[in-house]
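Undergrad: Below is one structure. I have some questions about it.
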Amino acid sequence: MLRTVAKNGLALPLVCWVLMAAPAVAQGIAPAGPWHYQHKASLPPGAIGLRQLERGGPLGGYFQPVEVRGPEGSLISLAVEGTYTEPEKNSALAGMLIGHVYRLKVGNIPNHEGAEVFPTIEVIDRLYPPPGQAARFPIPVVLTQEELEMALDGRYVLRVIYVENPRTAVPVADVPGDQRYFEIPPGQDAMETADKLGRPIAILRMGSRVPMADEVDGSFAYQHPPLQILTKPEVLPRRQDGLEEPLEAPPQLGRPSRNFPRLR
């Protein structure tokens with residue numbers, strides 16, 4: 001996961017796009033100069049997800065489960081149908097359409113009682129869980145105490161969540177309930193970096209902006225796109241070593257089945 005932080009980030013830089021003709025490849029002619037990367041992290045919320053939908057594939061109409069987790073004791077609500085859902089303590093699970101932008105409300109922040117932060121989540125790709133188990137494998141979005149305080153301090157935080165490339169993934173064990181991240185230097189684009197490291201699937205944007213009186217009807221919440229409120233699935237029992245029971249593979253070509261160990 002990548003994170004960029006800007007002080008007093010009340011405005012995003014203007015980005016100009018120029019459509020380029022396809023490079024000439026006939027007769028061995030190499031393209032002149034580097035390609036212009038199109039999915040910039042500085043694009044307006046919703047632009048990248050819309051371009052993903054235009055490419056086709058199993059994305060349109062799919063509700064991707066997303067689990068938002070905050071610091072211990074925080075309250076998380078999601079904007080839907082002109083209002084916010086009942087706040088859930090510490091975490092909330094919901095299905096979000098790819099290509100839309102969803103507004104959240106985070107309150108009861110430790111050491112900042114009474115203050116609220118309103119992040120957005122844009123889902124730009126989906127996961128492919130086992131059939132019927134999508135809620136067990138949501139996209140995790142962990143809101144840290146540090147980031148929430150940055151937003152309250154008037155800074156702008158942008159985070160790109162991506163699925164690591166297994167060939168280049170860092171061989172580090174994840175801590176349950178935590179989410180590894182690193183900050184990129186100024187001038188480096190978070191989306192481009194995430195593309196090089198894996199497959200970007202969601203973008204979190206968070207600042208100090210709060211809704212105005214005339215924005216409650218939907219403009220602040222990006223017109224309240226459809227949302228599926230999901231129930232957190234029961235935790236499957238595990239052995240003392242923390243692993244699930246092994247699965248038994250079906251017999252193949254008359255050979256007896258074997259047990260394959262389950263990973264963490």
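Convention: chains lettered A, B, ... in structure tokens order; per-chain residue numbering from 1; ligands numbered from 1 as shown.
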Please extract the residues of region 69-236 of chain A with a backbone DSSP assignment of strand (DSSP E or B) and present them as JSON, numbers by chain.

TA: {"A": [69, 75, 76, 77, 78, 79, 80, 83, 84, 88, 89, 91, 92, 93, 94, 95, 96, 97, 101, 102, 103, 104, 105, 106, 107, 109, 112, 117, 120, 121, 122, 123, 139, 140, 141, 142, 156, 157, 158, 159, 160, 161, 162, 163, 164, 182, 183, 198, 199, 200, 201, 202, 203, 204, 205, 206, 227, 228, 229]}

Undergrad: Create the file for the chosen residues now, containing C-alpha atoms and written as a CSV table (one decimal), in the first residue's frame.

TA:
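Written output follows (selection.csv):
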chain,number,residue,atom,x,y,z
A,69,ARG,CA,-11.1,-0.4,10.0
A,75,LEU,CA,-17.1,4.9,15.0
A,76,ILE,CA,-17.5,4.4,11.2
A,77,SER,CA,-20.5,5.2,9.1
A,78,LEU,CA,-21.1,5.1,5.3
A,79,ALA,CA,-23.1,7.5,3.2
A,80,VAL,CA,-26.1,5.9,1.6
A,83,THR,CA,-27.9,9.9,5.1
A,84,TYR,CA,-25.3,7.9,7.0
A,88,GLU,CA,-20.2,0.7,13.7
A,89,LYS,CA,-17.5,0.4,16.3
A,91,SER,CA,-14.8,-1.4,11.5
A,92,ALA,CA,-17.5,-1.6,8.9
A,93,LEU,CA,-18.1,-4.0,6.0
A,94,ALA,CA,-19.9,-3.1,2.8
A,95,GLY,CA,-20.1,-4.0,-0.9
A,96,MET,CA,-19.1,-1.1,-3.2
A,97,LEU,CA,-19.6,-0.8,-6.9
A,101,VAL,CA,-16.8,7.0,-5.0
A,102,TYR,CA,-18.1,6.4,-1.5
A,103,ARG,CA,-18.0,8.8,1.4
A,104,LEU,CA,-17.4,7.7,5.0
A,105,LYS,CA,-17.7,9.4,8.3
A,106,VAL,CA,-15.2,8.6,11.1
A,107,GLY,CA,-16.0,9.8,14.6
A,109,ILE,CA,-11.4,9.4,17.2
A,112,HIS,CA,-10.0,13.9,19.4
A,117,VAL,CA,-13.1,13.0,9.3
A,120,THR,CA,-13.6,8.7,0.4
A,121,ILE,CA,-13.0,5.3,-1.1
A,122,GLU,CA,-12.9,4.6,-4.9
A,123,VAL,CA,-12.8,1.0,-5.9
A,139,ILE,CA,-10.4,-5.2,0.4
A,140,PRO,CA,-8.9,-4.0,3.8
A,141,VAL,CA,-8.7,-0.2,4.3
A,142,VAL,CA,-7.1,0.5,7.6
A,156,TYR,CA,-4.3,15.6,2.6
A,157,VAL,CA,-3.6,11.9,2.6
A,158,LEU,CA,-3.9,9.7,-0.5
A,159,ARG,CA,-3.4,6.0,-0.3
A,160,VAL,CA,-3.4,3.4,-3.1
A,161,ILE,CA,-4.2,-0.2,-2.0
A,162,TYR,CA,-2.9,-2.8,-4.4
A,163,VAL,CA,-2.5,-6.6,-4.6
A,164,GLU,CA,1.1,-7.5,-4.5
A,182,PHE,CA,5.3,3.0,2.8
A,183,GLU,CA,5.4,6.6,1.7
A,198,GLY,CA,1.1,-5.1,-8.3
A,199,ARG,CA,-2.5,-4.5,-9.2
A,200,PRO,CA,-4.2,-1.4,-7.8
A,201,ILE,CA,-7.7,-2.1,-6.5
A,202,ALA,CA,-8.7,0.9,-4.4
A,203,ILE,CA,-7.9,4.5,-3.6
A,204,LEU,CA,-8.4,6.2,-0.2
A,205,ARG,CA,-8.5,10.0,-0.1
A,206,MET,CA,-8.7,11.8,3.2
A,227,LEU,CA,-24.2,0.3,-1.4
A,228,GLN,CA,-24.5,-3.2,0.0
A,229,ILE,CA,-24.4,-3.5,3.8

Undergrad: Residues of region 49-252 of chain A classed as helix (DSSP H, G or I) by DSSP on the backbone are to be reported as a list in words.

TA: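 Helix (DSSP H, G or I) assignments inside region 49-252 of chain A correspond to Gly49, Leu50, Arg51, Gln52, Leu53, Glu54, Ala134, Ala135, Arg136, Gln145, Glu146, Glu147, Leu148, Glu149, Met150, Ala151, Leu152, Ala190, Met191, Glu192, Thr193, Ala194, Asp195, Lys196, Leu197, Ala213, Asp214 and Glu215 of chain A.
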
Undergrad: Write the residues you've just listed into a file as a compact mmCIF listing (two decimals), in the first residue's frame, and include C-alpha atoms for each of them.

TA:
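So the final result, stored in again-v4.txt, reads:
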# COMPACT_ATOMS: atom_id res chain seq x y z
CA GLY A 49 -12.66 3.74 -11.88
CA LEU A 50 -14.66 4.99 -14.87
CA ARG A 51 -11.77 4.27 -17.21
CA GLN A 52 -11.49 0.78 -15.74
CA LEU A 53 -15.15 0.14 -16.51
CA GLU A 54 -14.68 1.35 -20.09
CA ALA A 134 -16.54 -12.75 -1.07
CA ALA A 135 -17.37 -11.32 2.37
CA ARG A 136 -14.53 -13.35 3.89
CA GLN A 145 -4.49 7.17 14.12
CA GLU A 146 -1.60 9.01 12.46
CA GLU A 147 -3.49 9.54 9.20
CA LEU A 148 -6.66 10.69 10.92
CA GLU A 149 -4.66 13.24 12.88
CA MET A 150 -2.99 14.39 9.65
CA ALA A 151 -6.43 15.03 8.17
CA LEU A 152 -7.58 16.90 11.26
CA ALA A 190 1.24 6.74 -6.30
CA MET A 191 -0.81 5.01 -9.01
CA GLU A 192 2.17 4.53 -11.29
CA THR A 193 4.23 3.11 -8.43
CA ALA A 194 1.41 0.77 -7.38
CA ASP A 195 1.11 -0.48 -10.97
CA LYS A 196 4.77 -1.44 -10.93
CA LEU A 197 4.42 -3.32 -7.64
CA ALA A 213 -25.06 22.93 4.65
CA ASP A 214 -26.01 22.75 0.95
CA GLU A 215 -24.04 19.54 0.30

Undergrad: Rounded to one decimal place, report the CA of Glu113 (chain A)-CA of Pro138 (chain A) distance in Å.

TA: 28.8 Å

Undergrad: Taking only C-alpha atoms into account, name the residue in A:Gly61, A:Gly82, A:Pro87, A:Gly154 that is nearest to Ser208 (chain A).

TA: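 Once distances to Ser208 (chain A) are computed over only C-alpha atoms, the minimum belongs to A:Gly154.
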
Undergrad: Restricting the calculation to only C-alpha atoms, which member of A:Leu127, A:Gln223, A:Asn90, A:Pro166 is positioned closest to Pro110 (chain A)?

TA: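 So, comparing all the options, the nearest one is A:Asn90.
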
Undergrad: Please compute the CA of Pro58 (chain A)-CA of Ile124 (chain A) distance, one decimal, in Å.

TA: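 Separating CA of Pro58 (chain A) from CA of Ile124 (chain A) is a distance of 12.0 Å.
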
Undergrad: Rounded to one decimal, what separation in Å do you get between CA of Arg126 (chain A) and CA of Leu230 (chain A)?

TA: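 One can read the CA of Arg126 (chain A) to CA of Leu230 (chain A) distance as 16.4 Å.
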